[in-house]
file upload22.cif (mmCIF, C-alpha atoms)
data_structure
#
loop_
_atom_site.group_PDB
_atom_site.id
_atom_site.type_symbol
_atom_site.label_atom_id
_atom_site.label_comp_id
_atom_site.auth_asym_id
_atom_site.auth_seq_id
_atom_site.Cartn_x
_atom_site.Cartn_y
_atom_site.Cartn_z
ATOM 1 C CA MET W 1 92.794 83.578 106.334
ATOM 2 C CA GLU W 2 91.885 86.722 104.463
ATOM 3 C CA VAL W 3 93.975 89.729 105.445
ATOM 4 C CA LYS W 4 92.115 93.024 105.398
ATOM 5 C CA TYR W 5 94.277 96.115 105.189
ATOM 6 C CA THR W 6 92.050 98.345 107.292
ATOM 7 C CA LYS W 7 92.516 100.246 110.543
ATOM 8 C CA GLY W 8 89.877 97.986 112.132
ATOM 9 C CA PHE W 9 91.861 94.852 111.308
ATOM 10 C CA LEU W 10 95.036 96.442 112.710
ATOM 11 C CA ASN W 11 93.108 97.214 115.911
ATOM 12 C CA LYS W 12 92.118 93.533 116.179
ATOM 13 C CA LEU W 13 95.759 92.524 115.851
ATOM 14 C CA GLU W 14 96.776 95.113 118.453
ATOM 15 C CA ASP W 15 94.163 93.650 120.838
ATOM 16 C CA ILE W 16 96.082 90.373 120.835
ATOM 17 C CA PHE W 17 99.127 92.230 122.144
ATOM 18 C CA SER W 18 97.079 94.106 124.742
ATOM 19 C CA GLU W 19 95.824 90.803 126.185
ATOM 20 C CA SER W 20 99.239 89.130 126.070
ATOM 21 C CA SER W 21 102.342 89.872 128.094
ATOM 22 C CA TYR W 22 103.945 91.670 125.121
ATOM 23 C CA ILE W 23 103.844 95.433 124.642
ATOM 24 C CA LEU W 24 103.403 96.802 121.114
ATOM 25 C CA ARG W 25 104.821 100.250 120.380
ATOM 26 C CA TYR W 26 105.140 102.357 117.243
ATOM 27 C CA GLU W 27 108.310 104.436 117.216
ATOM 28 C CA LYS W 28 110.718 105.893 114.724
ATOM 29 C CA GLY W 29 113.796 103.883 113.980
ATOM 30 C CA ASN W 30 115.919 102.442 111.243
ATOM 31 C CA PHE W 31 115.200 98.776 111.784
ATOM 32 C CA LYS W 32 116.378 96.599 108.915
ATOM 33 C CA SER W 33 113.160 94.582 108.893
ATOM 34 C CA GLY W 34 110.855 97.430 109.927
ATOM 35 C CA TYR W 35 110.440 96.129 113.453
ATOM 36 C CA CYS W 36 112.394 95.077 116.514
ATOM 37 C CA ILE W 37 111.512 92.411 119.093
ATOM 38 C CA LEU W 38 113.010 92.701 122.563
ATOM 39 C CA LYS W 39 112.144 89.236 123.868
ATOM 40 C CA GLU W 40 113.594 89.644 127.369
ATOM 41 C CA SER W 41 111.574 92.830 127.916
ATOM 42 C CA GLN W 42 108.623 91.472 125.910
ATOM 43 C CA ILE W 43 108.418 94.644 123.848
ATOM 44 C CA VAL W 44 107.734 94.818 120.115
ATOM 45 C CA ILE W 45 108.594 98.035 118.291
ATOM 46 C CA ILE W 46 107.351 98.776 114.763
ATOM 47 C CA ASN W 47 108.453 101.683 112.606
ATOM 48 C CA LYS W 48 105.727 104.311 113.030
ATOM 49 C CA TYR W 49 106.315 105.704 109.543
ATOM 50 C CA TYR W 50 105.198 102.495 107.880
ATOM 51 C CA THR W 51 102.017 102.536 105.854
ATOM 52 C CA LEU W 52 98.946 100.776 107.226
ATOM 53 C CA GLU W 53 99.677 97.787 104.985
ATOM 54 C CA GLY W 54 103.277 97.664 106.194
ATOM 55 C CA LYS W 55 102.242 97.777 109.848
ATOM 56 C CA ILE W 56 99.709 94.962 109.377
ATOM 57 C CA ASN W 57 102.252 92.799 107.556
ATOM 58 C CA CYS W 58 104.800 93.373 110.333
ATOM 59 C CA VAL W 59 102.313 92.539 113.079
ATOM 60 C CA LEU W 60 101.228 89.364 111.274
ATOM 61 C CA GLU W 61 104.844 88.266 110.861
ATOM 62 C CA ILE W 62 105.644 89.017 114.498
ATOM 63 C CA LEU W 63 102.577 87.200 115.835
ATOM 64 C CA SER W 64 103.539 84.097 113.870
ATOM 65 C CA GLN W 65 107.022 84.162 115.464
ATOM 66 C CA LEU W 66 106.177 84.870 119.097
ATOM 67 C CA GLU W 67 105.051 82.267 121.582
ATOM 68 C CA ILE W 68 101.931 83.864 123.038
ATOM 69 C CA ASP W 69 99.952 81.900 125.585
ATOM 70 C CA ALA W 70 96.461 81.498 124.119
ATOM 71 C CA ASP W 71 95.049 81.015 127.644
ATOM 72 C CA GLN W 72 95.672 84.724 128.295
ATOM 73 C CA LEU W 73 93.551 85.726 125.307
ATOM 74 C CA SER W 74 89.820 86.042 124.867
ATOM 75 C CA ALA W 75 88.198 83.336 122.742
ATOM 76 C CA LYS W 76 87.894 85.693 119.762
ATOM 77 C CA ASN W 77 91.546 86.746 119.885
ATOM 78 C CA ALA W 78 92.748 83.177 120.503
ATOM 79 C CA THR W 79 90.909 82.067 117.355
ATOM 80 C CA LEU W 80 92.420 84.936 115.339
ATOM 81 C CA LEU W 81 95.923 84.100 116.610
ATOM 82 C CA GLU W 82 95.413 80.448 115.696
ATOM 83 C CA LYS W 83 94.410 81.434 112.150
ATOM 84 C CA ILE W 84 97.461 83.703 111.835
ATOM 85 C CA ILE W 85 99.810 80.902 112.918
ATOM 86 C CA GLU W 86 98.158 78.370 110.595
ATOM 87 C CA ASN W 87 98.388 80.817 107.690
ATOM 88 C CA ALA W 88 102.086 81.481 108.384
ATOM 89 C CA GLN W 89 102.858 77.756 108.448
ATOM 90 C CA LYS W 90 101.236 77.282 105.022
ATOM 91 C CA GLU W 91 103.527 79.880 103.431
#
call {"tool": "encode", "arguments": {"input": "upload22.cif", "output": "structure tokens"}}
result
Amino acid sequence: MEVKYTKGFLNKLEDIFSESSYILRYEKGNFKSGYCILKESQIVIINKYYTLEGKINCVLEILSQLEIDADQLSAKNATLLEKIIENAQKE
């Protein structure tokens, strides 16, 4: 999968969260990895001071770790999530 470091691509990744049960938030913080996942609350927090590239890389890494039910997603977002997971498994 080709990763595009654009605001439009970040919006597509954010759409996956909006259709899932997880909430994505950008807030300030001193997270060691740049993000924090609160699995019980189903909240994902990413450092808002990250560059666009940093935010996209964090979201891609998080999406490959979380267990998101593809049945909740639209066909387009389910396909994108599948590609992200496949790409993460190759690395």
call {"tool": "atom_distance", "arguments": {"input": "upload22.cif", "atom1": "CA of Cys58 (chain W)", "atom2": "CA of Tyr35 (chain W)"}}
result
7.0 Å
call {"tool": "residues_around", "arguments": {"input": "upload22.cif", "residues": "Gln42 (chain W)", "least_positions_apart": "3", "cutoff": "10 Å", "atoms": "all atoms listed in the file", "output": "VMD selection string"}}
result
chain W and resid 20 to 24 37 to 39 66
call {"tool": "write_last_selection", "arguments": {"input": "upload22.cif", "atoms": "C-alpha atoms", "output": "PDB file, keeping the file's coordinate frame"}}
result
ATOM      1  CA  SER W  20      99.239  89.130 126.070  1.00  0.00           C
ATOM      2  CA  SER W  21     102.342  89.872 128.094  1.00  0.00           C
ATOM      3  CA  TYR W  22     103.945  91.670 125.121  1.00  0.00           C
ATOM      4  CA  ILE W  23     103.844  95.433 124.642  1.00  0.00           C
ATOM      5  CA  LEU W  24     103.403  96.802 121.114  1.00  0.00           C
ATOM      6  CA  ILE W  37     111.512  92.411 119.093  1.00  0.00           C
ATOM      7  CA  LEU W  38     113.010  92.701 122.563  1.00  0.00           C
ATOM      8  CA  LYS W  39     112.144  89.236 123.868  1.00  0.00           C
ATOM      9  CA  LEU W  66     106.177  84.870 119.097  1.00  0.00           C
TER      10      LEU W  66
END
call {"tool": "resolve_selection", "arguments": {"input": "upload22.cif", "expression": "the PyMOL selection byres ((chain W and resi 33) around 10)", "output": "JSON, numbers by chain"}}
result
{"W": [30, 31, 32, 34, 35, 36, 46, 47, 58]}
call {"tool": "resolve_selection", "arguments": {"input": "upload22.cif", "expression": "the PyMOL selection byres ((chain W and resi 1-10) around 9)", "output": "list in words"}}
result
Asn11, Lys12, Leu13, Glu14, Asp15, Leu52, Glu53, Lys55, Ile56, Asn57, Val59, Lys83, Ile84, Glu86 and Asn87 of chain W
call {"tool": "closest_residue", "arguments": {"input": "upload22.cif", "among": "W:Ser64, W:Thr79, W:Ser18, W:Gln72", "to": "Glu91 (chain W)", "atoms": "only C-alpha atoms"}}
result
W:Ser64
call {"tool": "atom_distance", "arguments": {"input": "upload22.cif", "atom1": "CA of Ile45 (chain W)", "atom2": "CA of Tyr26 (chain W)"}}
result
5.6 Å
